[in-house]
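Student: For reference, this is coords_4.pdb, and it has PDB, C-alpha atoms.
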ATOM      1  CA  MET A 312     -36.319  17.375 -44.778
ATOM      2  CA  ILE A 313     -35.470  19.875 -42.040
ATOM      3  CA  TRP A 314     -37.620  17.969 -39.585
ATOM      4  CA  VAL A 315     -35.830  14.763 -40.455
ATOM      5  CA  LEU A 316     -32.450  16.378 -39.849
ATOM      6  CA  LEU A 317     -33.656  17.819 -36.553
ATOM      7  CA  ALA A 318     -34.925  14.418 -35.485
ATOM      8  CA  VAL A 319     -31.591  12.834 -36.342
ATOM      9  CA  LEU A 320     -29.682  15.521 -34.432
ATOM     10  CA  ILE A 321     -31.933  15.177 -31.408
ATOM     11  CA  ALA A 322     -31.631  11.397 -31.452
ATOM     12  CA  SER A 323     -27.852  11.661 -31.727
ATOM     13  CA  GLY A 324     -27.734  14.124 -28.847
ATOM     14  CA  VAL A 325     -29.864  11.900 -26.655
ATOM     15  CA  ALA A 326     -27.654   8.915 -27.485
ATOM     16  CA  LEU A 327     -24.532  10.866 -26.547
ATOM     17  CA  VAL A 328     -26.064  12.001 -23.266
ATOM     18  CA  LEU A 329     -27.142   8.474 -22.400
ATOM     19  CA  ALA A 330     -23.735   7.056 -23.326
ATOM     20  CA  SER A 331     -21.974   9.703 -21.247
ATOM     21  CA  ARG A 332     -24.266   9.067 -18.308
ATOM     22  CA  SER A 333     -23.734   5.322 -18.605
ATOM     23  CA  ALA A 334     -19.958   5.780 -18.687
ATOM     24  CA  ALA A 335     -20.101   8.053 -15.644
ATOM     25  CA  GLN A 336     -22.211   5.521 -13.777
ATOM     26  CA  ARG A 337     -19.787   2.759 -14.707
ATOM     27  CA  ARG A 338     -16.818   4.789 -13.479
ATOM     28  CA  GLY A 339     -18.661   5.564 -10.284
ATOM     29  CA  LEU A 340     -19.414   1.891  -9.711
ATOM     30  CA  GLU A 341     -15.817   0.908 -10.429
ATOM     31  CA  ALA A 342     -14.498   3.576  -8.059
ATOM     32  CA  SER A 343     -16.882   2.346  -5.373
ATOM     33  CA  ARG A 344     -15.708  -1.229  -5.818
ATOM     34  CA  ALA A 345     -12.074  -0.115  -5.710
ATOM     35  CA  LEU A 346     -12.723   1.762  -2.461
ATOM     36  CA  ASP A 347     -14.459  -1.265  -0.977
ATOM     37  CA  ALA A 348     -11.426  -3.429  -1.766
ATOM     38  CA  VAL A 349      -8.820  -1.238  -0.084
ATOM     39  CA  ARG A 350     -11.192  -0.212   2.711
ATOM     40  CA  ARG A 351     -11.663  -3.859   3.667
ATOM     41  CA  VAL A 352      -7.913  -4.467   3.819
ATOM     42  CA  ALA A 353      -7.260  -1.248   5.748
ATOM     43  CA  ASP A 354     -10.075  -2.072   8.162
ATOM     44  CA  GLU A 355      -8.421  -5.402   8.923
ATOM     45  CA  ASP A 356      -5.173  -3.556   9.666
ATOM     46  CA  VAL A 357      -6.905  -1.029  11.928
ATOM     47  CA  THR A 358      -8.616  -3.837  13.832
ATOM     48  CA  ARG A 359      -5.360  -5.728  14.286
ATOM     49  CA  PHE A 360      -3.611  -2.595  15.508
ATOM     50  CA  GLY A 361      -6.379  -2.027  18.055
ATOM     51  CA  GLU A 362      -6.003  -5.590  19.323
ATOM     52  CA  GLU A 363      -2.258  -5.103  19.700
ATOM     53  CA  LEU A 364      -2.825  -1.891  21.654
ATOM     54  CA  THR A 365      -5.155  -3.778  23.989
ATOM     55  CA  GLN A 366      -2.472  -6.401  24.534
ATOM     56  CA  LEU A 367       0.097  -3.652  25.022
ATOM     57  CA  HIS A 368      -2.043  -2.208  27.799
ATOM     58  CA  VAL A 369      -2.080  -5.583  29.545
ATOM     59  CA  ASP A 370       1.650  -6.084  29.055
ATOM     60  CA  THR A 371       2.539  -2.669  30.486
ATOM     61  CA  LEU A 372       0.270  -2.759  33.545
ATOM     62  CA  THR A 373       3.229  -3.749  35.695
ATOM     63  CA  ALA A 374       5.760  -1.581  33.869
ATOM     64  CA  GLU A 375       6.733   1.862  35.036
ATOM     65  CA  LEU A 376       6.632   4.020  31.931
ATOM     66  CA  ASP A 377       8.412   7.335  32.107
ATOM     67  CA  ALA A 378       7.057  10.516  30.546
ATOM     68  CA  ALA A 379       8.508   9.623  27.156
ATOM     69  CA  GLY A 380       6.959   6.167  27.336
ATOM     70  CA  ARG A 381       3.559   7.578  28.212
ATOM     71  CA  GLN A 382       3.885  10.039  25.350
ATOM     72  CA  ASP A 383       4.628   7.211  22.916
ATOM     73  CA  TYR A 384       1.701   5.260  24.315
ATOM     74  CA  GLN A 385      -0.632   8.206  23.773
ATOM     75  CA  ARG A 386       0.722   8.680  20.284
ATOM     76  CA  ALA A 387      -0.079   5.063  19.450
ATOM     77  CA  LEU A 388      -3.596   5.439  20.866
ATOM     78  CA  ASP A 389      -4.135   8.664  18.919
ATOM     79  CA  SER A 390      -2.952   6.989  15.729
ATOM     80  CA  TYR A 391      -5.478   4.223  16.233
ATOM     81  CA  GLU A 392      -8.345   6.634  16.794
ATOM     82  CA  ASN A 393      -7.280   8.823  13.871
ATOM     83  CA  ALA A 394      -6.975   5.816  11.568
ATOM     84  CA  LYS A 395     -10.492   4.700  12.494
ATOM     85  CA  SER A 396     -11.851   8.172  11.818
ATOM     86  CA  LEU A 397     -10.015   8.515   8.509
ATOM     87  CA  LEU A 398     -11.264   5.111   7.427
ATOM     88  CA  ALA A 399     -14.854   5.992   8.273
ATOM     89  CA  ASP A 400     -14.598   9.246   6.306
ATOM     90  CA  ALA A 401     -12.844   7.739   3.262
ATOM     91  CA  GLY A 402     -14.833   8.520   0.144
ATOM     92  CA  ARG A 403     -12.268   7.584  -2.494
ATOM     93  CA  ALA A 404      -9.712   4.828  -2.810
ATOM     94  CA  GLU A 405      -6.791   7.232  -2.486
ATOM     95  CA  ASP A 406      -8.108   8.374   0.917
ATOM     96  CA  ILE A 407      -6.880   5.047   2.276
ATOM     97  CA  THR A 408      -3.301   6.266   1.874
ATOM     98  CA  GLU A 409      -3.703   8.547   4.883
ATOM     99  CA  VAL A 410      -5.194   5.680   6.892
ATOM    100  CA  THR A 411      -2.200   3.416   6.361
ATOM    101  CA  ARG A 412       0.240   6.306   6.796
ATOM    102  CA  THR A 413      -1.323   6.930  10.212
ATOM    103  CA  LEU A 414      -1.086   3.241  11.088
ATOM    104  CA  GLU A 415       2.586   3.201  10.105
ATOM    105  CA  ASP A 416       3.303   6.034  12.525
ATOM    106  CA  GLY A 417       1.260   4.378  15.259
ATOM    107  CA  ARG A 418       3.098   1.096  14.901
ATOM    108  CA  TYR A 419       6.417   2.819  15.392
ATOM    109  CA  ALA A 420       5.072   4.451  18.557
ATOM    110  CA  LEU A 421       3.876   1.037  19.741
ATOM    111  CA  ALA A 422       7.333  -0.430  19.127
ATOM    112  CA  CYS A 423       8.850   2.395  21.178
ATOM    113  CA  VAL A 424       6.542   1.660  24.121
ATOM    114  CA  GLN A 425       7.403  -2.032  23.978
ATOM    115  CA  ALA A 426      11.114  -1.197  24.030
ATOM    116  CA  ARG A 427      10.794   1.272  26.907
ATOM    117  CA  ALA A 428       8.721  -1.187  28.945
ATOM    118  CA  VAL A 429      11.618  -3.656  29.063
ATOM    119  CA  GLY A 430      14.361  -1.067  29.264
ATOM    120  CA  GLY A 431      15.654  -1.803  25.792
ATOM    121  CA  PRO A 432      16.980   0.585  23.138
ATOM    122  CA  LEU A 433      14.476   2.443  21.030
ATOM    123  CA  PRO A 434      13.897   0.933  17.595
ATOM    124  CA  THR A 435      15.377   2.688  14.594
ATOM    125  CA  ARG A 436      12.767   4.461  12.516
ATOM    126  CA  ARG A 437      12.647   2.330   9.387
ATOM    127  CA  PRO A 438      10.070   1.338   6.780
ATOM    128  CA  PRO A 439       7.542  -1.303   7.789
ATOM    129  CA  CYS A 440       8.455  -4.918   7.187
ATOM    130  CA  PHE A 441       8.198  -5.416   3.450
ATOM    131  CA  PHE A 442       6.244  -8.642   3.710
ATOM    132  CA  ASN A 443       3.599  -7.352   6.089
ATOM    133  CA  PRO A 444       3.356  -3.762   7.382
ATOM    134  CA  ALA A 445       1.509  -5.081  10.443
ATOM    135  CA  HIS A 446       4.834  -6.561  11.571
ATOM    136  CA  GLY A 447       5.932  -3.033  12.440
ATOM    137  CA  PRO A 448       9.183  -1.254  11.573
ATOM    138  CA  ALA A 449      11.754  -3.398   9.797
ATOM    139  CA  GLN A 450      14.656  -4.397  12.013
ATOM    140  CA  THR A 451      17.072  -5.722   9.429
ATOM    141  CA  ASP A 452      17.558  -6.308   5.714
ATOM    142  CA  ALA A 453      17.327  -9.670   4.018
ATOM    143  CA  SER A 454      17.958 -11.012   0.542
ATOM    144  CA  TRP A 455      14.796 -12.222  -1.150
ATOM    145  CA  ALA A 456      13.761 -13.004  -4.702
ATOM    146  CA  PRO A 457      10.160 -13.232  -5.885
ATOM    147  CA  PRO A 458       9.228 -15.928  -8.406
ATOM    148  CA  GLY A 459      11.052 -15.147 -11.639
ATOM    149  CA  GLY A 460      13.014 -12.245 -10.156
ATOM    150  CA  ALA A 461      16.562 -11.593  -9.000
ATOM    151  CA  PRO A 462      17.496 -11.399  -5.286
ATOM    152  CA  ARG A 463      17.290  -7.999  -3.631
ATOM    153  CA  GLU A 464      17.922  -6.639  -0.163
ATOM    154  CA  ILE A 465      14.627  -5.592   1.396
ATOM    155  CA  PRO A 466      13.699  -4.327   4.884
ATOM    156  CA  VAL A 467      12.068  -7.021   7.013
ATOM    157  CA  CYS A 468      11.175  -7.826  10.600
ATOM    158  CA  LEU A 469      13.337 -10.255  12.568
ATOM    159  CA  ALA A 470      10.727 -13.013  12.437
ATOM    160  CA  ASP A 471      10.611 -12.967   8.645
ATOM    161  CA  ALA A 472      14.389 -12.698   8.462
ATOM    162  CA  ASP A 473      14.595 -15.897  10.528
ATOM    163  CA  ARG A 474      12.062 -17.621   8.279
ATOM    164  CA  LEU A 475      14.050 -16.721   5.183
ATOM    165  CA  ALA A 476      17.302 -17.858   6.793
ATOM    166  CA  GLN A 477      15.706 -21.235   7.488
ATOM    167  CA  GLY A 478      14.420 -21.551   3.941
ATOM    168  CA  ALA A 479      10.807 -21.010   4.987
ATOM    169  CA  ASP A 480       8.258 -18.681   3.448
ATOM    170  CA  PRO A 481       7.833 -15.241   5.025
ATOM    171  CA  ASP A 482       4.536 -14.208   6.599
ATOM    172  CA  VAL A 483       3.201 -12.160   3.679
ATOM    173  CA  ARG A 484       0.167  -9.870   3.875
ATOM    174  CA  GLN A 485      -2.502 -11.304   1.600
ATOM    175  CA  VAL A 486      -5.115  -9.280  -0.291
ATOM    176  CA  ARG A 487      -7.958 -10.285  -2.552
ATOM    177  CA  LYS A 488      -7.422 -10.140  -6.298
ATOM    178  CA  GLY A 489     -10.462 -11.286  -8.201
ATOM    179  CA  ASN A 490     -11.436 -14.625  -6.679
ATOM    180  CA  ARG A 491      -8.119 -15.431  -5.040
ATOM    181  CA  MET A 492      -5.820 -14.194  -2.317
ATOM    182  CA  VAL A 493      -2.376 -12.944  -3.349
ATOM    183  CA  PRO A 494       0.571 -11.151  -1.702
ATOM    184  CA  TRP A 495      -0.044  -7.427  -1.395
ATOM    185  CA  TYR A 496       2.645  -6.692  -3.973
ATOM    186  CA  ASP A 497       0.682  -8.780  -6.481
ATOM    187  CA  GLY A 498      -2.515  -6.864  -5.770
ATOM    188  CA  GLY A 499      -2.149  -4.470  -8.696
ATOM    189  CA  PRO A 500      -3.143  -0.798  -9.001
ATOM    190  CA  ALA A 501      -6.302  -1.319  -6.929
ATOM    191  CA  TYR A 502      -4.094  -1.535  -3.818
ATOM    192  CA  ARG A 503      -1.837   1.354  -4.737
ATOM    193  CA  PRO A 504      -3.378   3.686  -2.107
ATOM    194  CA  TYR A 505      -2.994   1.029   0.585
ATOM    195  CA  ALA A 506       0.703   0.453  -0.105
ATOM    196  CA  GLY A 507       1.398   4.151  -0.613
ATOM    197  CA  GLY A 508       0.626   5.080   2.983
ATOM    198  CA  TYR A 509       2.937   2.442   4.372
ATOM    199  CA  TYR A 510       5.855   2.672   1.978
ATOM    200  CA  GLY A 511       5.526   5.700  -0.316
ATOM    201  CA  GLY A 512       7.115   8.225   2.036
ATOM    202  CA  TRP A 513      10.058   5.956   2.702
ATOM    203  CA  ALA A 514      10.798   5.640  -0.990
ATOM    204  CA  MET A 515      10.697   9.428  -1.294
ATOM    205  CA  ASN A 516      13.304   9.663   1.462
ATOM    206  CA  GLY A 517      15.475   7.018  -0.140
ATOM    207  CA  LEU A 518      14.951   4.631   2.791
ATOM    208  CA  PHE A 519      12.838   2.132   0.883
ATOM    209  CA  PRO A 520      13.781   0.976  -2.616
ATOM    210  CA  ALA A 521      11.632   3.048  -4.952
ATOM    211  CA  PHE A 522      12.056   0.532  -7.748
ATOM    212  CA  VAL A 523      10.141  -1.976  -5.603
ATOM    213  CA  LEU A 524       6.939   0.033  -5.619
ATOM    214  CA  GLY A 525       7.597   1.340  -9.093
ATOM    215  CA  SER A 526       7.887  -2.142 -10.522
ATOM    216  CA  MET A 527       4.927  -3.362  -8.536
ATOM    217  CA  MET A 528       2.437  -0.613  -9.207
ATOM    218  CA  GLY A 529       3.491   0.887 -12.507
ATOM    219  CA  GLY A 530       3.086   4.524 -11.518
ATOM    220  CA  TRP A 531       2.163   6.571  -8.473
ATOM    221  CA  GLY A 532       0.794   9.643 -10.185
ATOM    222  CA  ASP A 533      -2.392  11.507  -9.270
ATOM    223  CA  TYR A 534      -5.561   9.461  -9.210
ATOM    224  CA  ASP A 535      -7.042   9.197 -12.682
ATOM    225  CA  GLY A 536      -9.445   6.326 -12.228
ATOM    226  CA  SER A 537      -6.770   3.704 -12.794
ATOM    227  CA  TYR A 538      -7.348   2.212  -9.347
ATOM    228  CA  ALA A 539     -10.934   1.548 -10.268
ATOM    229  CA  ASP A 540     -10.022   0.355 -13.743
ATOM    230  CA  GLY A 541      -7.652  -2.228 -12.320
ATOM    231  CA  PHE A 542     -10.264  -3.426  -9.884
ATOM    232  CA  ALA A 543     -13.043  -3.516 -12.458
ATOM    233  CA  ASP A 544     -11.023  -5.893 -14.574
ATOM    234  CA  GLY A 545     -11.047  -8.316 -11.682
ATOM    235  CA  GLN A 546      -7.485  -7.161 -11.116
ATOM    236  CA  ALA A 547      -6.478 -10.110 -13.256
ATOM    237  CA  ASP A 548      -4.795  -7.796 -15.725
ATOM    238  CA  ALA A 549      -3.690  -5.203 -13.189
ATOM    239  CA  GLY A 550      -0.103  -6.275 -13.346
ATOM    240  CA  GLY A 551       0.069 -10.023 -13.439
ATOM    241  CA  ASP A 552       1.853 -12.239 -10.999
ATOM    242  CA  SER A 553       4.973 -11.343  -9.099
ATOM    243  CA  ALA A 554       7.210 -12.208 -12.030
ATOM    244  CA  ASP A 555       5.432  -9.521 -14.057
ATOM    245  CA  TYR A 556       5.870  -6.927 -11.323
ATOM    246  CA  TRP A 557       9.438  -7.685 -10.400
ATOM    247  CA  GLY A 558      11.026  -9.282 -13.424
ATOM    248  CA  GLY A 559      12.869  -7.381 -16.111
ATOM    249  CA  ASP A 560      14.101  -3.831 -15.840
ATOM    250  CA  SER A 561      12.446  -1.436 -13.467
ATOM    251  CA  GLY A 562      12.088   0.860 -16.418
ATOM    252  CA  ASP A 563       9.239  -1.392 -17.552
ATOM    253  CA  ALA A 564       7.181  -0.295 -14.586
ATOM    254  CA  GLY A 565       5.086   2.109 -16.618
ATOM    255  CA  ALA A 566       4.238   5.770 -16.488
ATOM    256  CA  GLY A 567       3.917   8.051 -13.501
ATOM    257  CA  ASP A 568       6.337   9.328 -10.894
ATOM    258  CA  TRP A 569       7.440   5.789 -10.075
ATOM    259  CA  GLY A 570       7.494   4.414 -13.583
ATOM    260  CA  GLY A 571      10.094   3.946 -16.230
ATOM    261  CA  GLY A 572      12.510   6.472 -17.595
ATOM    262  CA  SER A 573      14.516   8.704 -15.337
ATOM    263  CA  SER A 574      13.860   8.564 -11.633
ATOM    264  CA  GLY A 575      12.953  12.245 -11.487
ATOM    265  CA  ASP A 576      12.306  13.306  -7.924
ATOM    266  CA  TRP A 577      13.617  10.055  -6.506
ATOM    267  CA  GLY A 578      17.282  10.765  -7.136
ATOM    268  CA  GLY A 579      19.873  10.302  -9.847
ATOM    269  CA  GLY A 580      19.961   7.660 -12.512
ATOM    270  CA  ASP A 581      17.308   5.545 -14.125
ATOM    271  CA  PHE A 582      15.377   2.858 -12.359
ATOM    272  CA  GLY A 583      16.834   0.660 -15.050
ATOM    273  CA  ASP A 584      20.266   1.261 -13.513
ATOM    274  CA  LEU A 585      19.142  -0.777 -10.540
ATOM    275  CA  GLY A 586      18.711  -3.858 -12.651
ATOM    276  CA  GLY A 587      15.864  -6.341 -12.779
ATOM    277  CA  PHE A 588      14.290  -7.263  -9.506
TER
END
Can I see the file as structure tokens?
Tutor:
Amino acid sequence: MIWVLLAVLIASGVALVLASRSAAQRRGLEASRALDAVRRVADEDVTRFGEELTQLHVDTLTAELDAAGRQDYQRALDSYENAKSLLADAGRAEDITEVTRTLEDGRYALACVQARAVGGPLPTRRPPCFFNPAHGPAQTDASWAPPGGAPREIPVCLADADRLAQGADPDVRQVRKGNRMVPWYDGGPAYRPYAGGYYGGWAMNGLFPAFVLGSMMGGWGDYDGSYADGFADGQADAGGDSADYWGGDSGDAGAGDWGGGSSGDWGGGDFGDLGGF
């Protein structure tokens, strides 16, 4: 009888170990897939930034840059090199946040060089264009409503502002969600690290509407595997279409520092006070 009990206990222990190992392997695979998704998107952004720097070099060959202009130019070049290095070293999905944060800084430096080269005023330091961070710092605000949502003022580049004024669609950054391409704000939690580097700091400073990212991503807390979980589900259930992200009260955004309830560190009031997006 004792031997039977021992055999049962041993078998149960082995089953638990195997189940735990299988779960760990699954989480590791999901995390790897999540990293691959945001790495691919960030790599495209790094490549585009490098191409724009090459064009900037050509455009400024005949321009006399002063010391400040050369400093901005070097800052843009350093941002490009740093972003490439950070991308190569990224081992987790959340590491991509630093890549896109570096690109955001580099794009502002690039905009400064372009302004100095033609003797124009320096651009105001603002969040990247909401529709596509590769458009550089936003230059104005425009009213826009996603499908099923209410109009809101968002920071945009002049080109997208013109498109909206003419009734055309803005040039939105597309990312892969399952088997289809969607706007970045429909990408779900898998793209949380990507968006965080571009826009997270601006929301903290009150210069980018926090309810936008809160509604979109449903929480910006510490990484707990949710990025991978959202990706593993094909991202189909990661947050739905734009109406799911933006519709209703911002308090429906979910848990985490950006989620529902009181705004916490982001300033007074509830996200719900801002109304449905």
Student: Return the single residue from A:Gly447, A:Pro439, A:Gly499, A:Gly402 that is closest to Cys423 of chain A, with distances computed using all atoms listed in the file.
Tutor: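 Smallest distance to Cys423 of chain A is found for A:Gly447.
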Student: Atom CA of Asp482 of chain A and atom CA of Pro457 of chain A, how far apart in Å?
Tutor: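 These atoms are spaced 13.7 Å apart.
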Student: Taking 2 positions as the minimum chain separation for residues in the same chain, which residues sit within 8 Å of segment 356-361 of chain A when counting all atoms listed in the file? Answer as a list in words.
Tutor: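 Once the nearby chain positions are removed, what remains is Val352, Ala353, Asp354, Glu363, Leu364, Thr365, Tyr391, Ala394, Lys395, Leu414, Arg418 and Ala445 of chain A.
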Student: Could you turn the residues from that selection into a file that holds C-alpha atoms, as a PDB file, in the frame of the given file?
Tutor:
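Wrote again-v6.pdb, looks like this:
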ATOM      1  CA  VAL A 352      -7.913  -4.467   3.819  1.00  0.00           C
ATOM      2  CA  ALA A 353      -7.260  -1.248   5.748  1.00  0.00           C
ATOM      3  CA  ASP A 354     -10.075  -2.072   8.162  1.00  0.00           C
ATOM      4  CA  GLU A 363      -2.258  -5.103  19.700  1.00  0.00           C
ATOM      5  CA  LEU A 364      -2.825  -1.891  21.654  1.00  0.00           C
ATOM      6  CA  THR A 365      -5.155  -3.778  23.989  1.00  0.00           C
ATOM      7  CA  TYR A 391      -5.478   4.223  16.233  1.00  0.00           C
ATOM      8  CA  ALA A 394      -6.975   5.816  11.568  1.00  0.00           C
ATOM      9  CA  LYS A 395     -10.492   4.700  12.494  1.00  0.00           C
ATOM     10  CA  LEU A 414      -1.086   3.241  11.088  1.00  0.00           C
ATOM     11  CA  ARG A 418       3.098   1.096  14.901  1.00  0.00           C
ATOM     12  CA  ALA A 445       1.509  -5.081  10.443  1.00  0.00           C
TER      13      ALA A 445
END
Student: Please, what distance in Å, to one decimal, runs between atom CA of Ala479 of chain A and atom CA of Met492 of chain A?
Tutor: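 Going from atom CA of Ala479 of chain A over to atom CA of Met492 of chain A, I get 19.4 Å.
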Student: Can you spell out as number ranges by chain the set of residues that the PyMOL selection byres ((chain A and resi 369-380) around 9) selects in the structure I just provided?
Tutor: A: 364-368, 381-385, 423-425, 427-429
Student: For the file shown, report as a PyMOL selection string the outcome of the PyMOL selection byres ((chain A and resi 403-412) around 9) at residue level.
Tutor: chain A and resi 342-343+345-350+353+356-357+393-398+400-402+413-417+501-512+534+538-539
Student: Could you write out as a list in words the residues that the PyMOL selection byres ((chain A and resi 433) around 10) matches in the shown file?
Tutor: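 Taken over the shown coordinates, the PyMOL selection byres ((chain A and resi 433) around 10) returns Tyr419, Ala420, Ala422, Cys423, Val424, Gln425, Ala426, Arg427, Gly430, Gly431, Pro432, Pro434, Thr435 and Arg436 of chain A.
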Student: Pick from A:Asp480, A:Gly498, A:Trp513, A:Gln485: nearest to Ala456 of chain A, with all atoms listed in the file counted?
Tutor: A:Asp480
Student: May I ask for the distance between atom CA of Pro466 of chain A and atom CA of His446 of chain A, given in Å to one decimal place?
Tutor: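 So the two atoms, atom CA of Pro466 of chain A and atom CA of His446 of chain A, lie 11.3 Å apart.
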Student: Please rebuild segment 481-496 of chain A with N, CA and C atoms and give the result as an mmCIF file, keeping the file's coordinate frame.
Tutor:
data_model
loop_
_atom_site.group_PDB
_atom_site.id
_atom_site.type_symbol
_atom_site.label_atom_id
_atom_site.label_comp_id
_atom_site.auth_asym_id
_atom_site.auth_seq_id
_atom_site.Cartn_x
_atom_site.Cartn_y
_atom_site.Cartn_z
ATOM 1 N N PRO A 481 8.148 -16.330 4.101
ATOM 2 C CA PRO A 481 7.833 -15.241 5.025
ATOM 3 C C PRO A 481 6.327 -15.136 5.244
ATOM 4 N N ASP A 482 5.952 -14.429 6.289
ATOM 5 C CA ASP A 482 4.536 -14.208 6.599
ATOM 6 C C ASP A 482 4.067 -12.996 5.803
ATOM 7 N N VAL A 483 3.535 -13.235 4.612
ATOM 8 C CA VAL A 483 3.201 -12.160 3.679
ATOM 9 C C VAL A 483 1.746 -11.717 3.851
ATOM 10 N N ARG A 484 1.522 -10.425 3.820
ATOM 11 C CA ARG A 484 0.167 -9.870 3.875
ATOM 12 C C ARG A 484 -0.564 -10.243 2.597
ATOM 13 N N GLN A 485 -1.712 -10.868 2.743
ATOM 14 C CA GLN A 485 -2.502 -11.304 1.600
ATOM 15 C C GLN A 485 -3.669 -10.345 1.357
ATOM 16 N N VAL A 486 -3.967 -10.102 0.092
ATOM 17 C CA VAL A 486 -5.115 -9.280 -0.291
ATOM 18 C C VAL A 486 -5.890 -10.025 -1.378
ATOM 19 N N ARG A 487 -7.122 -9.609 -1.562
ATOM 20 C CA ARG A 487 -7.958 -10.285 -2.552
ATOM 21 C C ARG A 487 -7.747 -9.675 -3.937
ATOM 22 N N LYS A 488 -7.549 -10.542 -4.902
ATOM 23 C CA LYS A 488 -7.422 -10.140 -6.298
ATOM 24 C C LYS A 488 -8.349 -11.029 -7.111
ATOM 25 N N GLY A 489 -9.458 -10.474 -7.540
ATOM 26 C CA GLY A 489 -10.462 -11.286 -8.201
ATOM 27 C C GLY A 489 -11.045 -12.287 -7.223
ATOM 28 N N ASN A 490 -10.902 -13.565 -7.529
ATOM 29 C CA ASN A 490 -11.436 -14.625 -6.679
ATOM 30 C C ASN A 490 -10.362 -15.351 -5.878
ATOM 31 N N ARG A 491 -9.184 -14.751 -5.768
ATOM 32 C CA ARG A 491 -8.119 -15.431 -5.040
ATOM 33 C C ARG A 491 -7.360 -14.453 -4.164
ATOM 34 N N MET A 492 -6.642 -14.994 -3.208
ATOM 35 C CA MET A 492 -5.820 -14.194 -2.317
ATOM 36 C C MET A 492 -4.379 -14.227 -2.824
ATOM 37 N N VAL A 493 -3.743 -13.056 -2.848
ATOM 38 C CA VAL A 493 -2.376 -12.944 -3.349
ATOM 39 C C VAL A 493 -1.579 -12.050 -2.412
ATOM 40 N N PRO A 494 -0.241 -12.096 -2.470
ATOM 41 C CA PRO A 494 0.571 -11.151 -1.702
ATOM 42 C C PRO A 494 0.218 -9.715 -2.077
ATOM 43 N N TRP A 495 0.366 -8.809 -1.130
ATOM 44 C CA TRP A 495 -0.044 -7.427 -1.395
ATOM 45 C C TRP A 495 0.665 -6.843 -2.603
ATOM 46 N N TYR A 496 1.910 -7.247 -2.838
ATOM 47 C CA TYR A 496 2.645 -6.692 -3.973
ATOM 48 C C TYR A 496 2.199 -7.286 -5.300
#
